[in-house]
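Trainee: So here's final-v3.csv (CSV, C-alpha atoms).
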```csv
chain,number,residue,atom,x,y,z
A,187,MET,CA,-19.5,4.7,26.4
A,188,ALA,CA,-20.4,3.0,23.1
A,189,LYS,CA,-18.9,-0.3,22.3
A,190,ALA,CA,-17.2,-1.0,19.0
A,191,PRO,CA,-19.0,-3.8,17.1
A,192,TYR,CA,-17.3,-7.2,17.0
A,193,ARG,CA,-15.7,-8.0,13.6
A,194,PRO,CA,-14.7,-11.6,12.9
A,195,PRO,CA,-11.0,-11.9,11.8
A,196,VAL,CA,-10.3,-11.8,8.0
A,197,ALA,CA,-7.8,-14.2,6.4
A,198,GLY,CA,-5.2,-12.7,4.1
A,199,PRO,CA,-2.1,-10.4,4.1
A,200,ALA,CA,-1.6,-7.9,6.9
A,201,PHE,CA,-2.7,-5.0,4.7
A,202,ILE,CA,-6.0,-6.7,3.9
A,203,ARG,CA,-6.7,-7.7,7.5
A,204,LEU,CA,-6.0,-4.1,8.8
A,205,LEU,CA,-8.3,-2.6,6.2
A,206,ALA,CA,-11.1,-5.1,6.9
A,207,GLY,CA,-11.1,-3.8,10.5
A,208,PHE,CA,-11.7,-0.3,9.3
A,209,ALA,CA,-14.5,-1.0,6.9
A,210,ASP,CA,-18.2,-0.2,7.8
A,211,GLY,CA,-20.4,-3.2,7.7
A,212,ALA,CA,-19.7,-6.7,6.5
A,213,LEU,CA,-17.2,-7.2,3.7
A,214,PRO,CA,-18.3,-8.7,0.4
A,215,GLY,CA,-17.2,-12.2,-0.2
A,216,THR,CA,-14.3,-12.6,-2.7
A,217,SER,CA,-13.5,-15.4,-5.0
A,218,PRO,CA,-10.3,-17.4,-4.1
A,219,ASP,CA,-9.7,-18.0,-7.9
A,220,LEU,CA,-7.0,-15.5,-9.0
A,221,SER,CA,-7.7,-15.9,-12.7
A,222,ASP,CA,-11.4,-15.1,-12.1
A,223,ARG,CA,-10.4,-11.9,-10.2
A,224,LEU,CA,-7.9,-10.9,-12.9
A,225,SER,CA,-10.5,-11.4,-15.6
A,226,GLN,CA,-12.5,-8.6,-14.0
A,227,TRP,CA,-9.5,-6.2,-14.0
A,228,VAL,CA,-8.1,-6.9,-17.5
A,229,ASP,CA,-10.1,-5.8,-20.5
A,230,TRP,CA,-9.7,-7.5,-23.9
A,231,ASN,CA,-7.1,-5.1,-25.4
A,232,ARG,CA,-4.9,-5.4,-22.3
A,233,ALA,CA,-5.3,-9.1,-22.5
A,234,VAL,CA,-4.0,-9.0,-26.1
A,235,ALA,CA,-1.0,-6.9,-25.0
A,236,LEU,CA,-0.3,-9.4,-22.2
A,237,SER,CA,-0.5,-12.3,-24.7
A,238,ARG,CA,2.0,-10.6,-27.0
A,239,ALA,CA,4.4,-10.0,-24.1
A,240,LEU,CA,4.2,-13.7,-23.2
A,241,ASP,CA,4.4,-15.2,-26.7
A,242,GLY,CA,5.6,-12.5,-29.1
A,243,ARG,CA,9.0,-11.4,-30.2
A,244,LEU,CA,11.3,-10.2,-27.4
A,245,PRO,CA,11.7,-6.4,-27.0
A,246,ALA,CA,14.9,-4.7,-28.1
A,247,ALA,CA,17.4,-4.0,-25.4
A,248,VAL,CA,17.2,-0.5,-23.8
A,249,PRO,CA,20.3,1.5,-24.9
A,250,GLU,CA,22.6,2.4,-22.0
A,251,ALA,CA,20.4,0.8,-19.4
A,252,PRO,CA,22.0,0.5,-15.9
A,253,VAL,CA,23.6,-2.8,-14.9
A,254,PHE,CA,22.4,-4.5,-11.8
A,255,ASP,CA,24.9,-4.9,-9.0
A,256,SER,CA,25.1,-4.8,-5.2
A,257,ALA,CA,24.8,-1.1,-5.3
A,258,GLU,CA,21.4,-1.3,-6.9
A,259,GLN,CA,20.3,-3.9,-4.3
A,260,ALA,CA,21.5,-1.6,-1.6
A,261,GLU,CA,19.6,1.4,-3.1
A,262,CYS,CA,16.3,-0.5,-3.0
A,263,GLU,CA,16.9,-1.4,0.6
A,264,ARG,CA,17.8,2.2,1.4
A,265,VAL,CA,14.6,3.5,-0.2
A,266,HIS,CA,12.5,1.0,1.6
A,267,ALA,CA,14.2,1.8,5.0
A,268,ALA,CA,13.9,5.5,4.4
A,269,LEU,CA,10.1,5.3,3.6
A,270,ARG,CA,9.6,3.1,6.6
A,271,ALA,CA,11.5,5.4,8.9
A,272,SER,CA,9.6,8.4,7.6
A,273,ILE,CA,6.2,6.8,8.3
A,274,THR,CA,7.3,5.9,11.8
A,275,ALA,CA,8.8,9.3,12.6
A,276,ASP,CA,5.8,11.2,11.2
A,277,ILE,CA,3.4,9.2,13.3
A,278,GLU,CA,5.5,9.8,16.4
A,279,ALA,CA,5.4,13.5,15.8
A,280,ARG,CA,1.7,13.4,15.1
A,281,ARG,CA,1.0,11.8,18.5
A,282,ALA,CA,2.4,14.9,20.2
A,283,THR,CA,0.8,17.6,18.0
A,284,ALA,CA,-2.4,16.4,16.2
A,285,GLY,CA,-5.8,17.2,17.7
A,286,GLU,CA,-9.1,15.4,17.4
A,287,ASP,CA,-9.7,16.3,13.8
A,288,PHE,CA,-9.2,13.8,11.0
A,289,ALA,CA,-8.4,16.3,8.2
A,290,PRO,CA,-4.7,16.6,9.0
A,291,HIS,CA,-4.5,12.8,9.2
A,292,ARG,CA,-6.1,12.4,5.8
A,293,GLN,CA,-3.6,14.9,4.3
A,294,HIS,CA,-0.7,13.1,5.9
A,295,CYS,CA,-1.9,9.7,4.6
A,296,MET,CA,-2.3,11.0,1.1
A,297,SER,CA,1.1,12.6,1.2
A,298,VAL,CA,2.8,9.3,2.3
A,299,GLN,CA,1.0,7.4,-0.4
A,300,ARG,CA,2.2,9.8,-3.0
A,301,SER,CA,5.8,9.4,-1.7
A,302,MET,CA,5.5,5.7,-1.8
A,303,GLN,CA,4.1,5.6,-5.3
A,304,ALA,CA,6.8,7.9,-6.7
A,305,ALA,CA,9.7,6.0,-5.1
A,306,THR,CA,8.5,2.5,-5.9
A,307,GLY,CA,7.6,3.6,-9.5
A,308,ARG,CA,11.2,4.9,-10.1
A,309,LEU,CA,12.7,1.7,-8.6
A,310,ARG,CA,10.5,-0.6,-10.6
A,311,GLY,CA,11.2,1.1,-13.9
A,312,ARG,CA,14.9,1.1,-13.3
A,313,LEU,CA,15.0,-2.6,-12.3
A,314,ARG,CA,12.9,-3.5,-15.3
A,315,ASP,CA,15.3,-1.8,-17.6
A,316,MET,CA,18.1,-3.8,-16.1
A,317,LEU,CA,16.1,-7.0,-16.5
A,318,GLY,CA,15.4,-6.2,-20.2
A,319,GLN,CA,19.2,-6.5,-20.8
A,320,GLY,CA,19.1,-10.2,-20.0
A,321,ASP,CA,18.5,-13.0,-22.4
A,322,GLY,CA,15.4,-15.1,-23.1
A,323,ALA,CA,13.3,-15.5,-20.0
A,324,LEU,CA,14.7,-12.4,-18.2
A,325,ALA,CA,13.9,-10.0,-21.1
A,326,ARG,CA,10.4,-11.7,-21.4
A,327,LEU,CA,9.8,-11.1,-17.7
A,328,ALA,CA,10.7,-7.4,-18.1
A,329,GLU,CA,8.1,-7.1,-20.9
A,330,VAL,CA,5.4,-8.9,-19.0
A,331,ASP,CA,6.0,-6.7,-15.9
A,332,ALA,CA,5.7,-3.6,-18.0
A,333,VAL,CA,2.3,-4.7,-19.4
A,334,MET,CA,1.1,-5.9,-16.0
A,335,GLU,CA,2.0,-2.5,-14.5
A,336,GLN,CA,0.1,-0.6,-17.2
A,337,THR,CA,-2.8,-3.0,-16.8
A,338,LEU,CA,-3.2,-3.2,-13.1
A,339,SER,CA,-1.9,0.1,-11.8
A,340,PRO,CA,-5.1,2.1,-12.4
A,341,ARG,CA,-7.1,-0.5,-10.5
A,342,GLU,CA,-4.5,-0.7,-7.8
A,343,GLN,CA,-4.3,3.1,-7.3
A,344,ALA,CA,-8.1,3.3,-7.1
A,345,LEU,CA,-8.2,0.7,-4.4
A,346,LEU,CA,-5.3,2.2,-2.5
A,347,GLY,CA,-6.9,5.6,-2.8
A,348,ALA,CA,-9.7,4.3,-0.6
A,349,VAL,CA,-7.3,3.9,2.4
A,350,PRO,CA,-7.8,7.5,3.7
A,351,ALA,CA,-11.6,7.1,3.7
A,352,LEU,CA,-11.3,3.8,5.6
A,353,LEU,CA,-9.0,5.4,8.1
A,354,GLY,CA,-11.5,8.2,8.5
A,355,GLN,CA,-14.3,5.7,9.3
A,356,HIS,CA,-12.0,4.0,11.8
A,357,PHE,CA,-11.1,7.4,13.4
A,358,GLU,CA,-14.8,8.4,13.8
A,359,ARG,CA,-15.7,4.9,15.2
A,360,LEU,CA,-12.9,5.1,17.8
A,361,ARG,CA,-13.9,8.6,18.8
A,362,ALA,CA,-17.6,7.6,19.1
A,363,ALA,CA,-16.8,4.6,21.2
A,364,ALA,CA,-14.7,6.7,23.6
A,365,ALA,CA,-17.3,9.4,23.9
A,366,PRO,CA,-19.0,9.5,27.4
A,367,GLY,CA,-22.6,8.5,27.7
A,368,ASP,CA,-25.3,10.7,29.2
A,369,GLY,CA,-24.6,9.6,32.7
A,370,ASP,CA,-20.8,9.4,32.5
A,371,THR,CA,-20.0,13.1,33.0
A,372,ASP,CA,-19.2,14.6,36.4
A,373,GLU,CA,-18.3,18.3,36.8
A,374,ALA,CA,-16.3,17.5,39.9
A,375,LEU,CA,-13.9,15.2,38.1
A,376,PRO,CA,-10.5,16.6,37.0
A,377,ALA,CA,-9.8,17.3,33.3
A,378,PRO,CA,-9.3,14.0,31.5
A,379,ALA,CA,-6.0,12.8,30.2
A,380,PRO,CA,-5.3,12.8,26.5
A,381,PRO,CA,-7.7,10.3,24.8
A,382,GLY,CA,-6.4,6.8,24.6
A,383,TRP,CA,-8.4,6.2,21.4
A,384,LEU,CA,-6.3,8.8,19.6
A,385,ALA,CA,-3.1,7.0,20.5
A,386,ARG,CA,-4.7,3.7,19.2
A,387,PHE,CA,-5.6,5.4,16.0
A,388,HIS,CA,-2.1,6.7,15.4
A,389,GLN,CA,-0.7,3.2,15.9
A,390,ASP,CA,-3.3,1.7,13.6
A,391,MET,CA,-2.6,4.3,10.9
A,392,GLN,CA,1.1,3.6,11.2
A,393,ASP,CA,0.5,-0.1,10.9
A,394,VAL,CA,-1.6,0.2,7.8
A,395,LEU,CA,0.8,2.6,6.1
A,396,LEU,CA,3.7,0.2,6.8
A,397,ALA,CA,1.6,-2.7,5.4
A,398,GLU,CA,0.8,-0.7,2.3
A,399,LEU,CA,4.6,0.0,1.9
A,400,ASP,CA,5.2,-3.7,1.9
A,401,VAL,CA,2.5,-4.3,-0.7
A,402,ARG,CA,3.9,-1.6,-3.0
A,403,PHE,CA,7.4,-3.2,-2.8
A,404,GLN,CA,6.2,-6.7,-3.8
A,405,PRO,CA,6.8,-6.1,-7.6
A,406,ILE,CA,10.3,-4.7,-6.7
A,407,GLU,CA,11.1,-7.7,-4.7
A,408,GLY,CA,10.1,-9.9,-7.6
A,409,LEU,CA,12.3,-8.1,-10.0
A,410,LEU,CA,15.2,-8.2,-7.5
A,411,ALA,CA,14.8,-11.9,-7.1
A,412,ALA,CA,15.0,-12.3,-10.9
A,413,LEU,CA,18.1,-10.1,-11.2
A,414,ARG,CA,20.2,-11.6,-8.4
A,415,PRO,CA,22.9,-14.0,-9.7
A,416,ARG,CA,22.0,-17.6,-9.5
```
Could I get this file's structure written as C-alpha coordinates?
Mentor:
Amino acid sequence: MAKAPYRPPVAGPAFIRLLAGFADGALPGTSPDLSDRLSQWVDWNRAVALSRALDGRLPAAVPEAPVFDSAEQAECERVHAALRASITADIEARRATAGEDFAPHRQHCMSVQRSMQAATGRLRGRLRDMLGQGDGALARLAEVDAVMEQTLSPREQALLGAVPALLGQHFERLRAAAAPGDGDTDEALPAPAPPGWLARFHQDMQDVLLAELDVRFQPIEGLLAALRPR
(Lines of atoms letter the chains of each structure in order from A and count residues from 1; the text may use other names and numbers.)
(Lines give C-alpha, C1' and ligand atoms only; values in the text may rest on other atoms or scores of the structure.)
Protein backbone atom coordinates (compact mmCIF):
# COMPACT_ATOMS: atom_id res chain seq x y z
CA MET A 1 0.00 0.00 0.00
CA ALA A 2 1.41 3.39 -0.98
CA LYS A 3 1.96 6.00 1.66
CA ALA A 4 0.69 9.54 1.29
CA PRO A 5 3.57 12.05 1.31
CA TYR A 6 4.09 14.07 4.44
CA ARG A 7 2.94 17.67 4.10
CA PRO A 8 4.03 20.24 6.68
CA PRO A 9 1.17 22.18 8.26
CA VAL A 10 0.21 25.49 6.66
CA ALA A 11 -0.67 28.54 8.73
CA GLY A 12 -3.86 30.41 7.92
CA PRO A 13 -7.65 30.07 8.02
CA ALA A 14 -9.24 26.62 8.01
CA PHE A 15 -10.19 26.89 4.33
CA ILE A 16 -6.58 27.58 3.29
CA ARG A 17 -5.18 24.84 5.51
CA LEU A 18 -7.58 22.27 4.05
CA LEU A 19 -6.85 23.23 0.45
CA ALA A 20 -3.11 23.16 1.11
CA GLY A 21 -3.44 19.50 2.07
CA PHE A 22 -5.14 18.73 -1.26
CA ALA A 23 -2.58 20.42 -3.51
CA ASP A 24 0.02 18.47 -5.46
CA GLY A 25 3.60 19.43 -4.63
CA ALA A 26 4.90 22.30 -2.54
CA LEU A 27 2.79 25.43 -2.30
CA PRO A 28 4.35 28.69 -3.54
CA GLY A 29 5.31 31.18 -0.89
CA THR A 30 2.95 34.10 -0.38
CA SER A 31 3.67 37.59 0.79
CA PRO A 32 2.26 38.50 4.20
CA ASP A 33 1.80 42.07 2.99
CA LEU A 34 -1.92 42.53 2.23
CA SER A 35 -1.41 45.72 0.21
CA ASP A 36 1.14 43.93 -1.98
CA ARG A 37 -1.29 41.09 -2.68
CA LEU A 38 -4.16 43.48 -3.45
CA SER A 39 -1.99 45.43 -5.86
CA GLN A 40 -1.75 42.27 -7.97
CA TRP A 41 -5.55 41.92 -8.05
CA VAL A 42 -6.66 45.54 -8.56
CA ASP A 43 -5.91 47.15 -11.94
CA TRP A 44 -5.60 50.91 -12.33
CA ASN A 45 -9.19 51.62 -13.37
CA ARG A 46 -10.54 49.65 -10.42
CA ALA A 47 -8.12 51.50 -8.18
CA VAL A 48 -9.57 54.79 -9.46
CA ALA A 49 -13.11 53.56 -8.74
CA LEU A 50 -12.07 52.55 -5.24
CA SER A 51 -10.43 55.94 -4.65
CA ARG A 52 -13.64 57.70 -5.70
CA ALA A 53 -15.67 55.50 -3.36
CA LEU A 54 -13.35 56.40 -0.49
CA ASP A 55 -12.98 60.11 -1.17
CA GLY A 56 -15.71 61.21 -3.55
CA ARG A 57 -19.27 62.39 -3.09
CA LEU A 58 -21.54 60.01 -1.23
CA PRO A 59 -23.96 58.02 -3.42
CA ALA A 60 -27.64 58.87 -3.51
CA ALA A 61 -29.89 56.79 -1.27
CA VAL A 62 -31.57 53.80 -2.90
CA PRO A 63 -35.32 54.45 -3.22
CA GLU A 64 -37.50 52.15 -1.15
CA ALA A 65 -34.53 50.18 0.16
CA PRO A 66 -35.38 47.68 2.92
CA VAL A 67 -34.71 48.69 6.50
CA PHE A 68 -32.46 46.58 8.69
CA ASP A 69 -34.08 44.97 11.70
CA SER A 70 -33.97 41.75 13.70
CA ALA A 71 -35.86 39.93 10.94
CA GLU A 72 -33.04 40.68 8.47
CA GLN A 73 -30.47 39.43 10.96
CA ALA A 74 -32.52 36.25 11.44
CA GLU A 75 -32.80 35.76 7.67
CA CYS A 76 -29.01 35.84 7.28
CA GLU A 77 -28.67 33.29 10.06
CA ARG A 78 -31.38 31.13 8.49
CA VAL A 79 -29.68 31.11 5.07
CA HIS A 80 -26.31 30.24 6.61
CA ALA A 81 -27.84 27.42 8.68
CA ALA A 82 -29.78 26.09 5.67
CA LEU A 83 -26.67 25.98 3.48
CA ARG A 84 -24.67 24.34 6.23
CA ALA A 85 -27.38 21.72 6.85
CA SER A 86 -27.64 21.04 3.11
CA ILE A 87 -23.89 20.42 2.82
CA THR A 88 -23.92 18.05 5.78
CA ALA A 89 -27.04 16.15 4.66
CA ASP A 90 -25.80 15.77 1.09
CA ILE A 91 -22.47 14.35 2.24
CA GLU A 92 -24.24 11.88 4.53
CA ALA A 93 -26.38 10.68 1.61
CA ARG A 94 -23.32 10.46 -0.62
CA ARG A 95 -21.55 8.19 1.88
CA ALA A 96 -24.27 5.61 1.36
CA THR A 97 -24.65 5.84 -2.42
CA ALA A 98 -21.53 7.20 -4.15
CA GLY A 99 -19.08 4.80 -5.76
CA GLU A 100 -15.36 5.06 -6.40
CA ASP A 101 -15.69 7.59 -9.21
CA PHE A 102 -14.92 11.27 -8.69
CA ALA A 103 -17.24 12.66 -11.39
CA PRO A 104 -20.39 12.71 -9.18
CA HIS A 105 -18.41 14.38 -6.39
CA ARG A 106 -17.18 17.07 -8.78
CA GLN A 107 -20.72 17.83 -9.94
CA HIS A 108 -21.93 17.92 -6.35
CA CYS A 109 -19.15 20.32 -5.31
CA MET A 110 -19.88 22.68 -8.21
CA SER A 111 -23.62 22.60 -7.45
CA VAL A 112 -23.00 23.50 -3.80
CA GLN A 113 -20.69 26.33 -4.84
CA ARG A 114 -23.34 27.76 -7.17
CA SER A 115 -25.90 27.64 -4.37
CA MET A 116 -23.55 29.42 -1.97
CA GLN A 117 -22.65 32.08 -4.51
CA ALA A 118 -26.29 32.84 -5.35
CA ALA A 119 -27.45 32.97 -1.72
CA THR A 120 -24.57 35.08 -0.43
CA GLY A 121 -24.77 37.44 -3.41
CA ARG A 122 -28.44 38.16 -2.70
CA LEU A 123 -27.81 38.74 1.00
CA ARG A 124 -24.81 40.97 0.40
CA GLY A 125 -26.66 43.17 -2.08
CA ARG A 126 -29.67 43.50 0.19
CA LEU A 127 -27.58 44.41 3.25
CA ARG A 128 -25.57 46.91 1.22
CA ASP A 129 -28.77 48.65 0.10
CA MET A 130 -29.76 48.96 3.75
CA LEU A 131 -26.35 50.31 4.66
CA GLY A 132 -26.59 52.89 1.88
CA GLN A 133 -29.56 54.46 3.68
CA GLY A 134 -27.30 55.46 6.56
CA ASP A 135 -25.46 58.72 6.94
CA GLY A 136 -21.80 59.51 6.43
CA ALA A 137 -19.55 56.58 7.15
CA LEU A 138 -22.27 53.94 6.68
CA ALA A 139 -23.18 55.12 3.19
CA ARG A 140 -19.49 55.36 2.36
CA LEU A 141 -18.95 51.79 3.51
CA ALA A 142 -21.79 50.60 1.26
CA GLU A 143 -20.15 52.28 -1.73
CA VAL A 144 -16.73 50.84 -0.91
CA ASP A 145 -18.20 47.35 -0.51
CA ALA A 146 -19.88 47.59 -3.92
CA VAL A 147 -16.58 48.54 -5.58
CA MET A 148 -14.66 45.86 -3.69
CA GLU A 149 -17.17 43.20 -4.76
CA GLN A 150 -16.92 44.24 -8.41
CA THR A 151 -13.12 44.34 -8.17
CA LEU A 152 -12.38 41.16 -6.27
CA SER A 153 -15.23 38.84 -7.24
CA PRO A 154 -13.73 37.69 -10.58
CA ARG A 155 -10.46 36.76 -8.88
CA GLU A 156 -12.29 35.18 -5.95
CA GLN A 157 -14.51 33.06 -8.20
CA ALA A 158 -11.51 31.91 -10.24
CA LEU A 159 -9.74 30.76 -7.09
CA LEU A 160 -12.81 29.08 -5.62
CA GLY A 161 -13.38 27.43 -9.00
CA ALA A 162 -10.17 25.47 -8.42
CA VAL A 163 -11.64 23.69 -5.38
CA PRO A 164 -13.21 20.79 -7.35
CA ALA A 165 -9.88 20.08 -9.07
CA LEU A 166 -8.03 20.10 -5.75
CA LEU A 167 -10.63 17.74 -4.31
CA GLY A 168 -10.11 15.53 -7.35
CA GLN A 169 -6.37 15.36 -6.65
CA HIS A 170 -7.11 14.49 -3.05
CA PHE A 171 -9.59 11.79 -4.13
CA GLU A 172 -7.05 10.14 -6.45
CA ARG A 173 -4.27 10.39 -3.87
CA LEU A 174 -6.37 8.69 -1.19
CA ARG A 175 -7.47 5.96 -3.58
CA ALA A 176 -3.90 5.31 -4.72
CA ALA A 177 -2.65 5.16 -1.13
CA ALA A 178 -5.32 2.59 -0.27
CA ALA A 179 -4.71 0.39 -3.31
CA PRO A 180 -3.12 -3.01 -2.47
CA GLY A 181 0.45 -3.63 -3.53
CA ASP A 182 1.60 -6.54 -5.70
CA GLY A 183 1.96 -8.89 -2.74
CA ASP A 184 -1.06 -7.71 -0.77
CA THR A 185 -3.80 -9.70 -2.53
CA ASP A 186 -5.00 -13.11 -1.42
CA GLU A 187 -7.82 -14.89 -3.25
CA ALA A 188 -8.68 -16.79 -0.09
CA LEU A 189 -9.54 -13.61 1.80
CA PRO A 190 -13.21 -12.56 2.05
CA ALA A 191 -14.47 -9.56 0.09
CA PRO A 192 -13.17 -6.31 1.63
CA ALA A 193 -15.38 -3.92 3.56
CA PRO A 194 -16.26 -0.56 1.98
CA PRO A 195 -13.02 1.43 1.61
CA GLY A 196 -12.11 3.63 4.54
CA TRP A 197 -10.39 6.11 2.23
CA LEU A 198 -13.72 6.98 0.64
CA ALA A 199 -15.27 7.76 4.03
CA ARG A 200 -12.28 9.99 4.77
CA PHE A 201 -12.71 11.76 1.45
CA HIS A 202 -16.37 12.42 2.15
CA GLN A 203 -15.46 13.95 5.51
CA ASP A 204 -12.72 16.07 3.94
CA MET A 205 -15.06 17.29 1.21
CA GLN A 206 -17.66 18.22 3.81
CA ASP A 207 -15.04 20.10 5.85
CA VAL A 208 -13.78 22.10 2.89
CA LEU A 209 -17.29 23.04 1.69
CA LEU A 210 -18.23 24.20 5.18
CA ALA A 211 -15.01 26.21 5.38
CA GLU A 212 -15.77 27.77 1.99
CA LEU A 213 -19.24 28.69 3.24
CA ASP A 214 -17.67 30.57 6.15
CA VAL A 215 -15.34 32.41 3.74
CA ARG A 216 -18.24 33.44 1.51
CA PHE A 217 -20.14 34.77 4.52
CA GLN A 218 -17.31 37.01 5.75
CA PRO A 219 -18.45 40.12 3.77
CA ILE A 220 -22.00 39.54 5.02
CA GLU A 221 -20.78 39.38 8.61
CA GLY A 222 -18.94 42.66 8.07
CA LEU A 223 -22.07 44.37 6.75
CA LEU A 224 -24.16 42.97 9.58
CA ALA A 225 -21.67 44.31 12.13
CA ALA A 226 -21.97 47.78 10.59
CA LEU A 227 -25.79 47.64 10.51
CA ARG A 228 -26.34 46.47 14.09
CA PRO A 229 -27.41 49.27 16.48
CA ARG A 230 -24.58 50.62 18.59
Trainee: Can you tell me, as an MDAnalysis selection string, what residues are no more than 12 Å from segment 200-208 of chain A when counting all atoms listed in the file, ignoring any on the same chain fewer than 6 positions away?
Mentor: chainID A and resid 190:194 214:215 345:346 348:360 387 389:402
Trainee: Between A:Glu329, A:Gly347, A:Asp315, A:Ala385, which one has atoms that come closest to Ser297 of chain A, using all atoms listed in the file?
Mentor: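 With all atoms listed in the file as the atom set, the closest residue is A:Gly347.
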Trainee: Extract, using all atoms listed in the file, all DNA, RNA and protein residues at most 9 Å from segment 251-262 of chain A, discarding same-chain residues fewer than 3 positions from it, and format them as a PyMOL selection string.
Mentor: chain A and resi 247-248+265-267+306+309+312-313+315-319+406+410+413-414
Trainee: For a quick check of understanding, using all atoms listed in the file, which of A:Arg281, A:Arg264, A:Arg270, A:Arg300 has the smallest distance to Gln343 of chain A?
Mentor: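 The closest residue to Gln343 of chain A is A:Arg300.
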Trainee: From the list A:Arg280, A:Arg232, A:Arg314, A:Arg308, which residue is nearest Cys295 of chain A when using only C-alpha atoms?
Mentor: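 Residue with the minimum atom-to-atom distance to Cys295 of chain A: A:Arg280.
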Trainee: Could you state the separation of atom CA of Glu407 of chain A and atom CA of His291 of chain A in Å, given to one decimal place?
Mentor: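 Atom CA of His291 of chain A lies at a distance of 29.3 Å from atom CA of Glu407 of chain A.
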Trainee: So how far away is atom CA of Gly307 of chain A from atom CA of His388 of chain A, in Å?
Mentor: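 Atom CA of His388 of chain A sits 26.9 Å away from atom CA of Gly307 of chain A.
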Trainee: To one decimal place, how far is atom CA of Arg310 of chain A from atom CA of Leu409 of chain A in Å?
Mentor: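 Answer for the atom CA of Arg310 of chain A to atom CA of Leu409 of chain A separation: 7.7 Å.
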Trainee: Val298 of chain A: which residues within 9 Å, counting all atoms listed in the file, same-chain residues fewer than 2 positions away excluded, as a list in words?
Mentor: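 Non-adjacent residues within range: Leu269, Ser272, Ile273, Gln293, His294, Cys295, Met296, Arg300, Ser301, Met302, Gln303 and Leu395 of chain A.
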Trainee: Counting all atoms listed in the file, figure out which residue out of A:Leu338, A:Ala364, A:Val330, A:Arg292 gets nearest to Asp241 of chain A.
Mentor: A:Val330
Trainee: Which residue out of A:Thr337, A:Pro415, A:Ala325, A:Glu286 has the minimum interatomic distance to Trp383 of chain A when all atoms listed in the file are used?
Mentor: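 Smallest distance to Trp383 of chain A is found for A:Glu286.
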